[in-house]
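Written below as C-alpha cells is the structure these notes are about.
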Number of protein chains: 2
Amino acid sequence: MSNSSKLLEKAIEQFASLPGIGRRTALKFVLHLLKKNADEVTAFAKSITDLKENIKECAVCHNIADGEICEICADKRRDADIICVVENIRDIMSIEATAQFKGLYHVLGGIISPMDGIGPADLNINTLIDRIMSTDVKEVIFALSATIEGDTTAYYIYKKIKDKENITVSTIAKGISIGNDLEFTDELTLGRSIVNRISFSG
Amino acid sequence: MSNSSKLLEKAIEQFASLPGIGRRTALKFVLHLLKKNADEVTAFAKSITDLKENIKECAVCHNIADGEICEICADKRRDADIICVVENIRDIMSIEATAQFKGLYHVLGGIISPMDGIGPADLNINTLIDRIMSTDVKEVIFALSATIEGDTTAYYIYKKIKDKENITVSTIAKGISIGNDLEFTDELTLGRSIVNRISFSG
C-alpha cells in the first residue's frame with residue numbers, strides 16, 4: 001500500500017518495527033494518532049523520548065529508575081536482608097505482580113552463555129558480589145531461567161559468595177505449573193518436581 | 001503489574017491507548033524500545049510528532065499532504081478529469097492499492113449522518129462542489145459506504161452538481177465479493193447484484 005505522504009509512511013514504518021506489528025496494524029495506529037489533538041500526540045512522543053533520555057539504571061540493583069535509585073531500592077518498607085537475583089527488569093515486574101516477595105532485587109542484565117559469547121564480565125555480577133559482601137545481606141535467591149545457562153550463572157555466583165558467614169543461598173522451586181495436568185508436563189520438569197518433593201507439614 | 005519507574009509506566013499507558021493494544025503488549029513495545037539506541041528512539045518519537053506538526057491537509061482534495069498539495073493532486077500523470085469522492089484517507093489508500101484508478105480524489109471527512117449530528121456543513125462538501133463547478137471535471141465517482149448514510153451523501157452532492165453540462169456521475173458497483181460463495185452473501189447485496197447485473201459484452 002503506497003501513501004501520498006512520506007511523513008505518514010515514516011510513522012508507519014516506525015510502528016511496524018515494533019515486535020508483532022505489521023504494516024496494516026501500524027497504519028491503524030497512525031490513523032488513530034492523526035485523529036487525536038496535538039497535545040495528546042506530543043505527550044505520546046514525549047513518553048517515548050523520555051524512555052531514553054530520562055530513565056536511568058538504578059545505581060544499586062540495575063533496575064530501571066527515574067532517579068539515581070529505583071523505587072524498590074528506595075522503599076524503606078522492603079526487606080534489605082534479601083536479594084532476589086534476576087536476569088532482566090521484566091522478571092522484576094513478573095515477581096512484583098505475584099506480591100510474594102518483599103526484598104530487594106539485582107538485575108544481571110543477562111545470563112552467562114558461552115555459546116553467545118556472554119561471560120561474567122558482561123553482566124552485573126561484580127556489583128552483585130560487592131553488594132553481598134559489603135552489606136549484611138542474609139539471603140540470596142536466584143530467580144533465573146530453568147536452563148543450563150541459568151544454573152551455570154547461579155552456580156558461578158554461589159561459589160563467589162558461599163564463604164560469607166550467615167548467608168542462605170537458594171533458587172526458586174522448579175516443578176509443575178499450578179493448574180496443569182500431569183500428563184501435559186514435560187518429563188524433565190516432572191522428574192525435578194519428584195526429586196524436590198515437599199513434605200506435608202503438620 | 002506495577003512498575004518501579006513512572007516514566008516507564010507513562011510510556012506503557014500511551015502505547016496501551018492504541019487500538020487493540022493491551023498493557024502486556026504495550027510493555028513488550030516499551031521494553032523493545034528501551035533496548036534500542038538513543039538515535040533510533042528519537043527517530044521513532046519524531047515520526048510521531050511529525051504526524052501533527054508537519055502533515056498538512058491537501059488544499060485541493062483534503063488528503064494528507066507533506067506540503068500544500070498532496071502527491072496525488074501534484075502528479076501530472078493522473079487524470080484530472082475524474083474525481084473519486086471518498087469518506088476518509090484510508091479509503092484513498094485502499095483504492096490506490098487496487099491500482100485501478102488513475103484520477104484524483106476528494107476526501108469528505110465523513111458522511112452525512114443526522115443520527116450522529118453530522119450535516120453537509122460539517123464535511124468537505126462545499127469545496128467539492130466548487131471544485132467540480134469551477135473546473136472541467138468530466139466524471140465524479142462516489143466510493144462511499146454501502147449504507148443509507150453513504151447513499152444520502154452521494155444523492156445530496158449529486159443534486160448540487162447534476163446541472164453541470166457534460167458530467168457523468170456514478171457510484172462504485174455493489175455486488176457479491178469476488179471469490180465468495182452465493183450462499184454466504186447477504187440478501188440485500190445479492191438482490192442488488194441481480195438488479196445491477198452486467199451484460200456479457202461481445
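Going by the C-alpha cells order, chains are called A, B, ..., each with residues numbered from 1, while ligands are numbered from 1 in the order shown.
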Set out as JSON lines a contact list for chain B and chain A with a cut-off of 6 Å, giving each residue of chain B that qualifies its closest atom pair and distance in Å to one decimal, counting only C-alpha atoms, ordered by chain and rising residue number.
```
{"residue": "B:Met1", "atom": "CA", "partner": "A:Ala97", "partner_atom": "CA", "distance": 5.2}
{"residue": "B:Ser4", "atom": "CA", "partner": "A:Glu71", "partner_atom": "CA", "distance": 5.2}
{"residue": "B:Ser5", "atom": "CA", "partner": "A:Ala65", "partner_atom": "CA", "distance": 5.4}
{"residue": "B:Ala11", "atom": "CA", "partner": "A:Ser47", "partner_atom": "CA", "distance": 4.9}
{"residue": "B:Gln14", "atom": "CA", "partner": "A:Phe44", "partner_atom": "CA", "distance": 5.8}
{"residue": "B:Ala38", "atom": "CA", "partner": "A:Lys52", "partner_atom": "CA", "distance": 5.9}
{"residue": "B:Thr42", "atom": "CA", "partner": "A:Thr49", "partner_atom": "CA", "distance": 5.8}
{"residue": "B:Phe44", "atom": "CA", "partner": "A:Gln14", "partner_atom": "CA", "distance": 5.8}
{"residue": "B:Ala45", "atom": "CA", "partner": "A:Ala45", "partner_atom": "CA", "distance": 4.6}
{"residue": "B:Ser47", "atom": "CA", "partner": "A:Ala11", "partner_atom": "CA", "distance": 4.9}
{"residue": "B:Ile48", "atom": "CA", "partner": "A:Ala45", "partner_atom": "CA", "distance": 5.9}
{"residue": "B:Thr49", "atom": "CA", "partner": "A:Thr42", "partner_atom": "CA", "distance": 5.8}
{"residue": "B:Lys52", "atom": "CA", "partner": "A:Ala38", "partner_atom": "CA", "distance": 5.9}
{"residue": "B:Ala65", "atom": "CA", "partner": "A:Ser5", "partner_atom": "CA", "distance": 5.4}
{"residue": "B:Asp66", "atom": "CA", "partner": "A:Ser5", "partner_atom": "CA", "distance": 5.6}
{"residue": "B:Glu71", "atom": "CA", "partner": "A:Ser4", "partner_atom": "CA", "distance": 5.1}
{"residue": "B:Ala97", "atom": "CA", "partner": "A:Met1", "partner_atom": "CA", "distance": 5.2}
```
**Request:** Skip Lys138 of chain B itself and residues of its chain fewer than 6 positions away, then list as a list in words all residues within 7 Å of it, counting only C-alpha atoms.
**Result:** Asp81, Ile82, Asn166, Ile167 and Thr168 of chain B
**Prompt:** Which one is closest to Lys174 of chain A: A:Leu108, A:Leu144, A:Ala154, A:Met133? Count only C-alpha atoms.
**Reply:**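 Of all the options, A:Leu144 lies closest to Lys174 of chain A.
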**Prompt:** Which residues in segment 1-159 of chain B does DSSP call strand (DSSP E)? List them as a list in words.
**Reply:**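 For segment 1-159 of chain B, the strand (DSSP E) set is Lys56, Glu57, Ile64, Ala65, Asp79, Ala80, Asp81, Ile82, Ile83, Cys84, Val85, Val86, Gly103, Leu104, Tyr105, His106, Val107, Glu139, Val140, Ile141 and Phe142 of chain B.
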**Item:** Selection: 12 Å around Ile112 of chain A, only C-alpha atoms, excl. self and same-chain fewer than 3 positions, as a ChimeraX atom specification
**Value:** /A:87,108-109,115-125,144-145,147-157
**Item:** Atom-to-atom span, atom CA of Cys61 of chain B and atom CA of Arg131 of chain B, Å
**Value:**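 Atom CA of Arg131 of chain B lies at a distance of 9.0 Å from atom CA of Cys61 of chain B.
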In segment 27-175 of chain B, DSSP alpha helix (DSSP H) residues written as a PDB file with N, CA and C atoms, in the first residue's frame:
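What landed in result-v7.pdb:
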```pdb
ATOM      1  N   LEU B  27       3.780  -3.103  27.154  1.00  0.00           N
ATOM      2  CA  LEU B  27       5.032  -3.334  27.892  1.00  0.00           C
ATOM      3  C   LEU B  27       6.089  -3.935  26.969  1.00  0.00           C
ATOM      4  N   LYS B  28       5.663  -4.872  26.131  1.00  0.00           N
ATOM      5  CA  LYS B  28       6.594  -5.510  25.186  1.00  0.00           C
ATOM      6  C   LYS B  28       7.192  -4.449  24.255  1.00  0.00           C
ATOM      7  N   PHE B  29       6.338  -3.521  23.768  1.00  0.00           N
ATOM      8  CA  PHE B  29       6.820  -2.447  22.884  1.00  0.00           C
ATOM      9  C   PHE B  29       7.856  -1.589  23.613  1.00  0.00           C
ATOM     10  N   VAL B  30       7.520  -1.214  24.860  1.00  0.00           N
ATOM     11  CA  VAL B  30       8.381  -0.300  25.609  1.00  0.00           C
ATOM     12  C   VAL B  30       9.730  -0.950  25.904  1.00  0.00           C
ATOM     13  N   LEU B  31       9.714  -2.221  26.300  1.00  0.00           N
ATOM     14  CA  LEU B  31      10.982  -2.910  26.575  1.00  0.00           C
ATOM     15  C   LEU B  31      11.803  -3.046  25.290  1.00  0.00           C
ATOM     16  N   HIS B  32      11.104  -3.231  24.169  1.00  0.00           N
ATOM     17  CA  HIS B  32      11.768  -3.298  22.868  1.00  0.00           C
ATOM     18  C   HIS B  32      12.469  -1.963  22.567  1.00  0.00           C
ATOM     19  N   LEU B  33      11.770  -0.857  22.838  1.00  0.00           N
ATOM     20  CA  LEU B  33      12.358   0.466  22.587  1.00  0.00           C
ATOM     21  C   LEU B  33      13.512   0.751  23.541  1.00  0.00           C
ATOM     22  N   LEU B  34      13.379   0.289  24.788  1.00  0.00           N
ATOM     23  CA  LEU B  34      14.437   0.518  25.787  1.00  0.00           C
ATOM     24  C   LEU B  34      15.755  -0.099  25.328  1.00  0.00           C
ATOM     25  N   LYS B  35      15.655  -1.197  24.573  1.00  0.00           N
ATOM     26  CA  LYS B  35      16.867  -1.889  24.125  1.00  0.00           C
ATOM     27  C   LYS B  35      17.520  -1.196  22.929  1.00  0.00           C
ATOM     28  N   ALA B  38      19.722   5.460  21.396  1.00  0.00           N
ATOM     29  CA  ALA B  38      19.036   6.736  21.562  1.00  0.00           C
ATOM     30  C   ALA B  38      18.557   7.326  20.228  1.00  0.00           C
ATOM     31  N   ASP B  39      19.375   7.213  19.177  1.00  0.00           N
ATOM     32  CA  ASP B  39      19.009   7.776  17.873  1.00  0.00           C
ATOM     33  C   ASP B  39      17.743   7.128  17.323  1.00  0.00           C
ATOM     34  N   GLU B  40      17.674   5.808  17.435  1.00  0.00           N
ATOM     35  CA  GLU B  40      16.512   5.091  16.919  1.00  0.00           C
ATOM     36  C   GLU B  40      15.238   5.495  17.658  1.00  0.00           C
ATOM     37  N   VAL B  41      15.368   5.646  18.968  1.00  0.00           N
ATOM     38  CA  VAL B  41      14.200   6.010  19.769  1.00  0.00           C
ATOM     39  C   VAL B  41      13.766   7.442  19.451  1.00  0.00           C
ATOM     40  N   THR B  42      14.749   8.332  19.266  1.00  0.00           N
ATOM     41  CA  THR B  42      14.427   9.710  18.907  1.00  0.00           C
ATOM     42  C   THR B  42      13.710   9.758  17.558  1.00  0.00           C
ATOM     43  N   ALA B  43      14.191   8.953  16.599  1.00  0.00           N
ATOM     44  CA  ALA B  43      13.562   8.918  15.271  1.00  0.00           C
ATOM     45  C   ALA B  43      12.119   8.433  15.384  1.00  0.00           C
ATOM     46  N   PHE B  44      11.895   7.465  16.255  1.00  0.00           N
ATOM     47  CA  PHE B  44      10.547   6.939  16.472  1.00  0.00           C
ATOM     48  C   PHE B  44       9.641   8.061  16.991  1.00  0.00           C
ATOM     49  N   ALA B  45      10.109   8.757  18.021  1.00  0.00           N
ATOM     50  CA  ALA B  45       9.310   9.826  18.621  1.00  0.00           C
ATOM     51  C   ALA B  45       9.065  10.953  17.620  1.00  0.00           C
ATOM     52  N   LYS B  46      10.097  11.272  16.820  1.00  0.00           N
ATOM     53  CA  LYS B  46       9.962  12.360  15.852  1.00  0.00           C
ATOM     54  C   LYS B  46       8.908  12.027  14.791  1.00  0.00           C
ATOM     55  N   SER B  47       8.878  10.766  14.367  1.00  0.00           N
ATOM     56  CA  SER B  47       7.903  10.379  13.344  1.00  0.00           C
ATOM     57  C   SER B  47       6.482  10.594  13.868  1.00  0.00           C
ATOM     58  N   ILE B  48       6.327  10.520  15.185  1.00  0.00           N
ATOM     59  CA  ILE B  48       5.005  10.726  15.777  1.00  0.00           C
ATOM     60  C   ILE B  48       4.669  12.213  15.875  1.00  0.00           C
ATOM     61  N   THR B  49       5.632  13.036  16.347  1.00  0.00           N
ATOM     62  CA  THR B  49       5.342  14.474  16.427  1.00  0.00           C
ATOM     63  C   THR B  49       5.134  15.057  15.030  1.00  0.00           C
ATOM     64  N   ASP B  50       5.894  14.532  14.050  1.00  0.00           N
ATOM     65  CA  ASP B  50       5.725  14.997  12.664  1.00  0.00           C
ATOM     66  C   ASP B  50       4.300  14.819  12.173  1.00  0.00           C
ATOM     67  N   LEU B  51       3.634  13.767  12.665  1.00  0.00           N
ATOM     68  CA  LEU B  51       2.261  13.491  12.230  1.00  0.00           C
ATOM     69  C   LEU B  51       1.387  14.712  12.415  1.00  0.00           C
ATOM     70  N   LYS B  52       1.559  15.370  13.576  1.00  0.00           N
ATOM     71  CA  LYS B  52       0.704  16.525  13.848  1.00  0.00           C
ATOM     72  C   LYS B  52       1.325  17.819  13.382  1.00  0.00           C
ATOM     73  N   GLU B  53       2.659  17.914  13.512  1.00  0.00           N
ATOM     74  CA  GLU B  53       3.289  19.203  13.243  1.00  0.00           C
ATOM     75  C   GLU B  53       3.525  19.452  11.759  1.00  0.00           C
ATOM     76  N   GLU B  71       0.580  14.489  -2.917  1.00  0.00           N
ATOM     77  CA  GLU B  71       1.332  13.911  -4.037  1.00  0.00           C
ATOM     78  C   GLU B  71       0.423  13.494  -5.184  1.00  0.00           C
ATOM     79  N   ILE B  72      -0.790  13.083  -4.865  1.00  0.00           N
ATOM     80  CA  ILE B  72      -1.710  12.636  -5.922  1.00  0.00           C
ATOM     81  C   ILE B  72      -2.169  13.834  -6.748  1.00  0.00           C
ATOM     82  N   CYS B  73      -2.590  14.920  -6.085  1.00  0.00           N
ATOM     83  CA  CYS B  73      -3.030  16.115  -6.813  1.00  0.00           C
ATOM     84  C   CYS B  73      -1.873  16.731  -7.607  1.00  0.00           C
ATOM     85  N   ALA B  74      -0.642  16.616  -7.076  1.00  0.00           N
ATOM     86  CA  ALA B  74       0.513  17.232  -7.740  1.00  0.00           C
ATOM     87  C   ALA B  74       1.028  16.398  -8.908  1.00  0.00           C
ATOM     88  N   ILE B  89      -9.119   9.272   4.347  1.00  0.00           N
ATOM     89  CA  ILE B  89      -7.854   8.992   3.656  1.00  0.00           C
ATOM     90  C   ILE B  89      -7.567   7.502   3.570  1.00  0.00           C
ATOM     91  N   ARG B  90      -8.085   6.741   4.528  1.00  0.00           N
ATOM     92  CA  ARG B  90      -7.877   5.299   4.488  1.00  0.00           C
ATOM     93  C   ARG B  90      -8.481   4.712   3.201  1.00  0.00           C
ATOM     94  N   ASP B  91      -9.632   5.282   2.775  1.00  0.00           N
ATOM     95  CA  ASP B  91     -10.263   4.810   1.541  1.00  0.00           C
ATOM     96  C   ASP B  91      -9.370   5.077   0.334  1.00  0.00           C
ATOM     97  N   ILE B  92      -8.686   6.239   0.359  1.00  0.00           N
ATOM     98  CA  ILE B  92      -7.745   6.530  -0.741  1.00  0.00           C
ATOM     99  C   ILE B  92      -6.684   5.443  -0.806  1.00  0.00           C
ATOM    100  N   MET B  93      -6.133   5.090   0.366  1.00  0.00           N
ATOM    101  CA  MET B  93      -5.095   4.055   0.398  1.00  0.00           C
ATOM    102  C   MET B  93      -5.628   2.740  -0.162  1.00  0.00           C
ATOM    103  N   SER B  94      -6.859   2.383   0.220  1.00  0.00           N
ATOM    104  CA  SER B  94      -7.444   1.124  -0.264  1.00  0.00           C
ATOM    105  C   SER B  94      -7.603   1.148  -1.773  1.00  0.00           C
ATOM    106  N   ILE B  95      -8.111   2.268  -2.311  1.00  0.00           N
ATOM    107  CA  ILE B  95      -8.335   2.350  -3.755  1.00  0.00           C
ATOM    108  C   ILE B  95      -6.997   2.386  -4.493  1.00  0.00           C
ATOM    109  N   GLU B  96      -6.023   3.136  -3.957  1.00  0.00           N
ATOM    110  CA  GLU B  96      -4.704   3.180  -4.578  1.00  0.00           C
ATOM    111  C   GLU B  96      -4.080   1.786  -4.639  1.00  0.00           C
ATOM    112  N   ALA B  97      -4.356   0.988  -3.603  1.00  0.00           N
ATOM    113  CA  ALA B  97      -3.792  -0.369  -3.557  1.00  0.00           C
ATOM    114  C   ALA B  97      -4.336  -1.240  -4.683  1.00  0.00           C
ATOM    115  N   THR B  98      -5.527  -0.917  -5.205  1.00  0.00           N
ATOM    116  CA  THR B  98      -6.088  -1.714  -6.296  1.00  0.00           C
ATOM    117  C   THR B  98      -5.435  -1.376  -7.634  1.00  0.00           C
ATOM    118  N   ILE B 125     -17.901  19.273   1.662  1.00  0.00           N
ATOM    119  CA  ILE B 125     -18.807  19.158   0.520  1.00  0.00           C
ATOM    120  C   ILE B 125     -18.784  20.429  -0.331  1.00  0.00           C
ATOM    121  N   ASN B 126     -18.744  21.601   0.339  1.00  0.00           N
ATOM    122  CA  ASN B 126     -18.722  22.840  -0.432  1.00  0.00           C
ATOM    123  C   ASN B 126     -17.477  22.965  -1.305  1.00  0.00           C
ATOM    124  N   THR B 127     -16.334  22.557  -0.760  1.00  0.00           N
ATOM    125  CA  THR B 127     -15.106  22.630  -1.560  1.00  0.00           C
ATOM    126  C   THR B 127     -15.186  21.669  -2.743  1.00  0.00           C
ATOM    127  N   LEU B 128     -15.890  20.528  -2.546  1.00  0.00           N
ATOM    128  CA  LEU B 128     -16.048  19.572  -3.652  1.00  0.00           C
ATOM    129  C   LEU B 128     -16.917  20.172  -4.757  1.00  0.00           C
ATOM    130  N   ILE B 129     -18.024  20.785  -4.354  1.00  0.00           N
ATOM    131  CA  ILE B 129     -18.938  21.365  -5.354  1.00  0.00           C
ATOM    132  C   ILE B 129     -18.244  22.510  -6.107  1.00  0.00           C
ATOM    133  N   ASP B 130     -17.542  23.379  -5.363  1.00  0.00           N
ATOM    134  CA  ASP B 130     -16.759  24.446  -6.005  1.00  0.00           C
ATOM    135  C   ASP B 130     -15.783  23.861  -7.017  1.00  0.00           C
ATOM    136  N   ARG B 131     -15.111  22.808  -6.580  1.00  0.00           N
ATOM    137  CA  ARG B 131     -14.077  22.178  -7.406  1.00  0.00           C
ATOM    138  C   ARG B 131     -14.684  21.624  -8.688  1.00  0.00           C
ATOM    139  N   ILE B 132     -15.846  20.992  -8.550  1.00  0.00           N
ATOM    140  CA  ILE B 132     -16.494  20.389  -9.720  1.00  0.00           C
ATOM    141  C   ILE B 132     -17.017  21.476 -10.659  1.00  0.00           C
ATOM    142  N   MET B 133     -17.661  22.517 -10.097  1.00  0.00           N
ATOM    143  CA  MET B 133     -18.301  23.539 -10.911  1.00  0.00           C
ATOM    144  C   MET B 133     -17.283  24.480 -11.570  1.00  0.00           C
ATOM    145  N   SER B 134     -16.130  24.690 -10.941  1.00  0.00           N
ATOM    146  CA  SER B 134     -15.183  25.680 -11.457  1.00  0.00           C
ATOM    147  C   SER B 134     -14.110  25.087 -12.367  1.00  0.00           C
ATOM    148  N   ILE B 148     -27.229   3.605   4.165  1.00  0.00           N
ATOM    149  CA  ILE B 148     -28.180   4.683   3.912  1.00  0.00           C
ATOM    150  C   ILE B 148     -27.455   6.028   3.945  1.00  0.00           C
ATOM    151  N   GLU B 149     -26.535   6.196   4.921  1.00  0.00           N
ATOM    152  CA  GLU B 149     -25.796   7.441   5.049  1.00  0.00           C
ATOM    153  C   GLU B 149     -24.943   7.704   3.802  1.00  0.00           C
ATOM    154  N   GLY B 150     -24.283   6.658   3.321  1.00  0.00           N
ATOM    155  CA  GLY B 150     -23.452   6.805   2.129  1.00  0.00           C
ATOM    156  C   GLY B 150     -24.287   7.214   0.929  1.00  0.00           C
ATOM    157  N   ASP B 151     -25.438   6.542   0.759  1.00  0.00           N
ATOM    158  CA  ASP B 151     -26.321   6.850  -0.372  1.00  0.00           C
ATOM    159  C   ASP B 151     -26.877   8.268  -0.263  1.00  0.00           C
ATOM    160  N   THR B 152     -27.253   8.663   0.965  1.00  0.00           N
ATOM    161  CA  THR B 152     -27.789  10.008   1.190  1.00  0.00           C
ATOM    162  C   THR B 152     -26.752  11.058   0.806  1.00  0.00           C
ATOM    163  N   THR B 153     -25.534  10.856   1.243  1.00  0.00           N
ATOM    164  CA  THR B 153     -24.454  11.797   0.971  1.00  0.00           C
ATOM    165  C   THR B 153     -24.233  11.941  -0.536  1.00  0.00           C
ATOM    166  N   ALA B 154     -24.180  10.786  -1.218  1.00  0.00           N
ATOM    167  CA  ALA B 154     -23.959  10.810  -2.663  1.00  0.00           C
ATOM    168  C   ALA B 154     -25.110  11.549  -3.361  1.00  0.00           C
ATOM    169  N   TYR B 155     -26.338  11.257  -2.930  1.00  0.00           N
ATOM    170  CA  TYR B 155     -27.502  11.869  -3.563  1.00  0.00           C
ATOM    171  C   TYR B 155     -27.547  13.379  -3.318  1.00  0.00           C
ATOM    172  N   TYR B 156     -27.168  13.786  -2.088  1.00  0.00           N
ATOM    173  CA  TYR B 156     -27.137  15.201  -1.732  1.00  0.00           C
ATOM    174  C   TYR B 156     -26.179  15.958  -2.655  1.00  0.00           C
ATOM    175  N   ILE B 157     -24.995  15.380  -2.869  1.00  0.00           N
ATOM    176  CA  ILE B 157     -23.999  16.031  -3.717  1.00  0.00           C
ATOM    177  C   ILE B 157     -24.438  15.984  -5.187  1.00  0.00           C
ATOM    178  N   TYR B 158     -25.016  14.843  -5.575  1.00  0.00           N
ATOM    179  CA  TYR B 158     -25.473  14.666  -6.955  1.00  0.00           C
ATOM    180  C   TYR B 158     -26.452  15.763  -7.358  1.00  0.00           C
ATOM    181  N   LYS B 159     -27.387  16.068  -6.453  1.00  0.00           N
ATOM    182  CA  LYS B 159     -28.390  17.107  -6.745  1.00  0.00           C
ATOM    183  C   LYS B 159     -27.745  18.462  -7.014  1.00  0.00           C
ATOM    184  N   LYS B 160     -26.632  18.745  -6.322  1.00  0.00           N
ATOM    185  CA  LYS B 160     -25.970  20.037  -6.447  1.00  0.00           C
ATOM    186  C   LYS B 160     -25.155  20.153  -7.732  1.00  0.00           C
ATOM    187  N   ILE B 161     -24.745  19.031  -8.305  1.00  0.00           N
ATOM    188  CA  ILE B 161     -23.838  19.101  -9.464  1.00  0.00           C
ATOM    189  C   ILE B 161     -24.478  18.616 -10.758  1.00  0.00           C
TER     190      ILE B 161
END
```
**Å distance separating atom CA of Ile141 of chain A from atom CA of Glu68 of chain A, one decimal place** =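 Distance reported for this atom pair: 24.3 Å.
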**Request:** Go ahead and compute the interatomic distance for atom CA of Asp136 of chain B and atom CA of Ile172 of chain B, in Å to one decimal.
**Result:**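 Between atom CA of Asp136 of chain B and atom CA of Ile172 of chain B the gap is 21.6 Å.
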